[in-house]
Each structure stands twice: as C-alpha cells, then as structure tokens.
Amino acid sequence: MEAKNKQDYLLSSVKNALRLLQNFSIEEPEKKVTELASSLGLGKSTVSRLLATLASEGFVSKDPETQKYRLGLTILNLNTIITSNLEINREAQPVLQRLVDETGETAHIAVLDGMSVVYLNKIQCKHPVQILTHIGRRNPLHCTSSGKMILAHQKEELIEQVIEQGLHKYTPNTITDPEVLRSTLKTIKEQEHAISVEELLEGVTSVASPVRDYTGAVMYAVSVIGPVHRMNPHNPSLIYKVKRASKEISERLGYWKH
C-alpha cells in the first residue's frame, strides 16, 4: 500500500509539473509563484518545490530582480529536436520560403491536434503584423483558414464535436451558426482552399490550402496570413500560389494524385 501511495504521489507530481510548464504562454511568459499557484489551484509550497526541481534541470529559470519564473533553455532544446525531425517541416521549409518571397506575407504550416489547429512552422515576411500564429500556438478550427481547411476534410463526427463544444465568437465575422459552418466546410472541401477574413482577429486575413500525406489524408494545411489593408484573400493569383505550394508539399510527402 505504501509503494502504491508513493507511486500515486510521483505521478501526481509529474502531472502538476507538466501543467505548470503549460501555464506559460506568449502572452504571459513570466509568472510569480503566487500567480502559478492560483492558476493551477495548488499551494505555494507545492509550486515552489516543483519550480525548484524544474529549475535544477533547466526547464525554468528565475529572474532575481522580478522574482518571476520563465521557461528555461532546456525547453528550447527539446523544441529544436522535435521540429528538426518532423518530416513535414523538412519538406515544407523551402516551399514556405518561396511562398513568402512570392506573396510578401507570412506563411505557415498547421496540423490538426485534437479539436484545435497547431502551427508547426512559420516563416515571417519583412513587414509582419502581430498575429496569433507562433509555432506551437493552438487556435480554433472554426475561425481560422487552416482550421477550416483541415476540418473540412475530417469525418462528420469531428465536425459535430467541434459544433457541440460551442462556436465561440471572437469577432463580428466569426462563424457561430452550425448550419453556416457545415455549408462553409462543404464549399471549402470542393474548392480546395479556405479564406478567413477577420474571423479570429480583427484586421487579419488568411488563405489556406490542404496538405496531404502519402495516403491522401489531410492533416495539415499551408496558409498565408496578412493584414486586411495589404492582402486580398480573394485574389486569384494569391489563391493559386497557396494551392501550388500545398500541392508541392503534398508531393514531397509522397502524395501523387492520379
């Protein structure tokens, strides 16, 4: 019984340590012990012990002046290992760079992860705008061009799960009507490109096209994102370039359309 209790304690500690690491974000890269304790629902002493252990392994570091913690360089090392070994990143990198050069806007590769879209790769243009698409960022499926593009090619069960969890309204342009979303996804699947105009963030627009793996499954999307005053997502030339990029990346992953 004692051994089991010890094992349960260790598993609980590991889970809390992982929750703690996930509590940091681009918006809040630094936090004090009290902030972390409040956010996680844990005692300050517990959080302090977890932070001390994580700091000893380089997963977090502490600013001696502000007394705030931030993610450590060990995280960066792990991120480099993951991204450098992802086939999609290796194959997409030169295509994304060309897409940025051709369009003058920022390009991304996104992947489906659960009920969200996660950005795996990003190449910024010379004049980027502040957009919520950093590598590792999770965004909703129903109001991003990449999310809608990938969702349009998934099974009905997943589409209904997304609808059931609620179509949160981020801007006046966000699709919140289930029937409108279903109809939009059907059109997107037929035309092989998706457009988002200020659906997640006001002032930002994007165009996405599907990336297929060697089996033909759509788990990724390539997109170009820019400010509405500079980028017209309905421009046929822009859509063509995004589609051409998605086709080339798909072929690099082993997909050939017969």
# chains A, B, ... in the order shown; residues from 1 in each chain; ligands from 1

call {"tool": "select_by_dssp", "arguments": {"residues": "range 181-237 of chain A", "states": "strand (DSSP E or B)", "output": "list of chain:residue names"}}
result
A:Ala194, A:Ile195, A:Ser196, A:Val197, A:Val204, A:Thr205, A:Ser206, A:Val207, A:Ala208, A:Ser209, A:Pro210, A:Val211, A:Arg212, A:Val218, A:Met219, A:Tyr220, A:Ala221, A:Val222, A:Ser223, A:Val224, A:Ile225, A:Gly226, A:Pro227

call {"tool": "residues_around", "arguments": {"residues": "range 104-119 of chain A", "least_positions_apart": "4", "cutoff": "10 Å", "atoms": "only C-alpha atoms", "output": "NGL selection string"}}
result
:A and (88-89 or 92-93 or 95-100 or 123-129 or 131-142 or 144 or 146-148 or 150-151 or 154 or 158-159 or 161-162 or 165 or 206-208 or 210-211 or 218-227 or 230-231 or 242 or 246)

call {"tool": "closest_residue", "arguments": {"among": "A:Ser183, A:Thr103, A:Pro64, A:Thr215", "to": "Tyr240 in chain A", "atoms": "only C-alpha atoms"}}
result
A:Thr103

call {"tool": "select_by_dssp", "arguments": {"residues": "range 15-209 of chain A", "states": "alpha helix (DSSP H)", "output": "JSON, numbers by chain"}}
result
{"A": [15, 16, 17, 18, 19, 20, 21, 22, 33, 34, 35, 36, 37, 38, 39, 40, 44, 45, 46, 47, 48, 49, 50, 51, 52, 53, 54, 55, 56, 73, 74, 75, 76, 77, 78, 79, 80, 81, 82, 83, 84, 87, 88, 89, 90, 91, 92, 93, 94, 95, 96, 97, 98, 99, 100, 101, 102, 103, 145, 146, 147, 148, 149, 150, 151, 156, 157, 158, 159, 160, 161, 162, 163, 164, 178, 179, 180, 181, 182, 183, 184, 185, 186, 187, 188, 189, 190, 191]}

call {"tool": "closest_residue", "arguments": {"among": "A:Glu190, A:Lys243, A:Ile175, A:Lys15", "to": "Ser209 in chain A", "atoms": "only C-alpha atoms"}}
result
A:Lys243

call {"tool": "atom_distance", "arguments": {"atom1": "CA of Ala37 in chain A", "atom2": "CA of Leu20 in chain A"}}
result
8.9 Å

call {"tool": "residues_around", "arguments": {"residues": "Thr174 in chain A", "least_positions_apart": "6", "cutoff": "9 Å", "atoms": "only C-alpha atoms", "output": "NGL selection string"}}
result
:A and (142-143 or 167-168 or 196-200)

call {"tool": "write_last_selection", "arguments": {"atoms": "all heavy atoms", "output": "compact mmCIF listing (two decimals), in the first residue's frame"}}
result
# COMPACT_ATOMS: atom_id res chain seq x y z
N HIS A 142 -12.76 26.50 -36.16
CA HIS A 142 -13.90 27.05 -36.89
C HIS A 142 -13.73 28.46 -37.41
O HIS A 142 -14.57 28.95 -38.16
CB HIS A 142 -15.17 27.00 -36.01
CG HIS A 142 -15.16 27.97 -34.87
ND1 HIS A 142 -14.37 27.80 -33.76
CD2 HIS A 142 -15.84 29.14 -34.66
CE1 HIS A 142 -14.57 28.80 -32.92
NE2 HIS A 142 -15.46 29.63 -33.45
N CYS A 143 -12.61 29.13 -37.04
CA CYS A 143 -12.48 30.53 -37.44
C CYS A 143 -11.09 30.90 -37.95
O CYS A 143 -10.73 32.07 -37.97
CB CYS A 143 -12.90 31.45 -36.31
SG CYS A 143 -11.96 31.20 -34.78
N LEU A 167 -19.27 27.24 -30.79
CA LEU A 167 -18.54 28.05 -31.76
C LEU A 167 -18.35 29.44 -31.17
O LEU A 167 -19.17 30.34 -31.36
CB LEU A 167 -19.32 28.09 -33.09
CG LEU A 167 -19.65 26.72 -33.71
CD1 LEU A 167 -20.47 26.89 -34.99
CD2 LEU A 167 -18.37 25.94 -33.99
N HIS A 168 -17.25 29.59 -30.46
CA HIS A 168 -17.00 30.85 -29.76
C HIS A 168 -16.87 32.02 -30.72
O HIS A 168 -16.23 31.91 -31.76
CB HIS A 168 -15.72 30.73 -28.93
CG HIS A 168 -15.40 31.95 -28.13
ND1 HIS A 168 -16.09 32.29 -26.98
CD2 HIS A 168 -14.49 32.93 -28.32
CE1 HIS A 168 -15.60 33.41 -26.50
NE2 HIS A 168 -14.64 33.84 -27.30
N SER A 196 -10.25 33.18 -44.44
CA SER A 196 -10.73 33.73 -43.18
C SER A 196 -10.48 35.23 -43.21
O SER A 196 -9.34 35.67 -43.41
CB SER A 196 -9.99 33.10 -41.99
OG SER A 196 -10.36 33.73 -40.78
N VAL A 197 -11.53 36.00 -43.07
CA VAL A 197 -11.41 37.46 -43.08
C VAL A 197 -11.86 37.99 -41.72
O VAL A 197 -13.05 38.02 -41.42
CB VAL A 197 -12.25 38.10 -44.20
CG1 VAL A 197 -12.06 39.62 -44.19
CG2 VAL A 197 -11.86 37.53 -45.56
N GLU A 198 -10.90 38.31 -40.88
CA GLU A 198 -11.17 38.86 -39.55
C GLU A 198 -12.12 37.99 -38.73
O GLU A 198 -12.95 38.48 -38.00
CB GLU A 198 -11.73 40.28 -39.66
CG GLU A 198 -10.80 41.26 -40.36
CD GLU A 198 -11.34 42.68 -40.36
OE1 GLU A 198 -12.27 42.96 -41.17
OE2 GLU A 198 -10.86 43.51 -39.57
N GLU A 199 -11.95 36.68 -38.81
CA GLU A 199 -12.80 35.75 -38.05
C GLU A 199 -12.24 35.44 -36.67
O GLU A 199 -13.00 35.18 -35.74
CB GLU A 199 -13.01 34.46 -38.85
CG GLU A 199 -13.83 34.64 -40.12
CD GLU A 199 -14.05 33.35 -40.87
OE1 GLU A 199 -14.20 32.29 -40.21
OE2 GLU A 199 -14.07 33.38 -42.11
N LEU A 200 -10.92 35.45 -36.55
CA LEU A 200 -10.28 35.19 -35.26
C LEU A 200 -9.75 36.48 -34.65
O LEU A 200 -9.86 36.71 -33.44
CB LEU A 200 -9.14 34.19 -35.40
CG LEU A 200 -8.31 33.91 -34.14
CD1 LEU A 200 -9.17 33.27 -33.07
CD2 LEU A 200 -7.10 33.03 -34.46
